[in-house]
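Q: This structure is in structure tokens; I'll ask about it shortly.
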Amino acid sequence: MIRVLVVCACLFGAAAGFAQTPVPTPSAAAPPAAAPPAAAPATAAPPAAAAPAPAPKAWSSLSPQQQQLLQSHQGEWNSLSPDRQQSLANGSERWLSMTPQQRASAQQRFSQWRAMPPEQRQLLRQRWQQYKSLPPERQQQVRESFNRFRQMPPERRNQLRQQWRQMTPEQRHHATQPMHAPPAPRHVPR
């Protein structure tokens, strides 16, 4: 059980221990309708080193709905880097594909993000980069652990948080290491 907590602490926890409110996850940090959909820091992964830089995106190539969402960027659109244009376009597409319930949830998380101190935001950005550098199998394990943690009753989550706070850095490090299956028993001929 403590591994579930540790994964959350390493990748999604708050800077000063665990926050009592949900911490915005990068996949859900979409901004409110009034703000540009990709305006939240750390919502877009940095471009891959081997991928060519995207070509500039013309304002007229955006759908009318995207243009409405991104209207605050219209005057500066041509001066934005192609990466930033693509990030904003992708974010607006993501926002437009959300249900009203998903948008409300994203707005709430974005508000929490904006209310965080800069140090806490930076810590979460670093944790997101750590997560993105994990192999896909490990990312899946982290997501599953995080979801199990979120489904626990609040009392159990608080209990695990308290255990985490009482652990030494060495214990925390050991607890964050992935569990490996014990070696299979060897067949010894008789």
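Identifiers in this document derive from the order of the structure tokens: chains are assigned A, B, ..., residues are numbered from 1 separately in each chain, and ligands are numbered from 1 in order of occurrence.
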Need the shell around Ala89 in chain A: protein/DNA/RNA residues with any atom at most 8 Å away, counting only C-alpha atoms. Skip same-chain ones fewer than 3 positions apart. Format as an NGL selection string?

A: :A and (38 or 62 or 66 or 85-86 or 92-93)

Q: Pick the closest to Gln68 in chain A from A:Ser111, A:Thr168, A:Pro117, A:Leu96: which is it, counting only C-alpha atoms?

A: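 Smallest distance to Gln68 in chain A is found for A:Leu96.
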
Q: Mind the document's chain letters and residue numbers, and return as a VMD selection string the residues of range 49-162 of chain A that DSSP labels helix (DSSP H, G or I).

A: chain A and resid 59 to 61 64 to 69 71 to 79 82 to 97 100 to 115 118 to 132 136 to 151 154 to 162

Q: One decimal, in Å: what's the spacing between CA of Glu137 in chain A and CA of His173 in chain A?

A: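 About the pair CA of Glu137 in chain A and CA of His173 in chain A: they are 19.6 Å apart.
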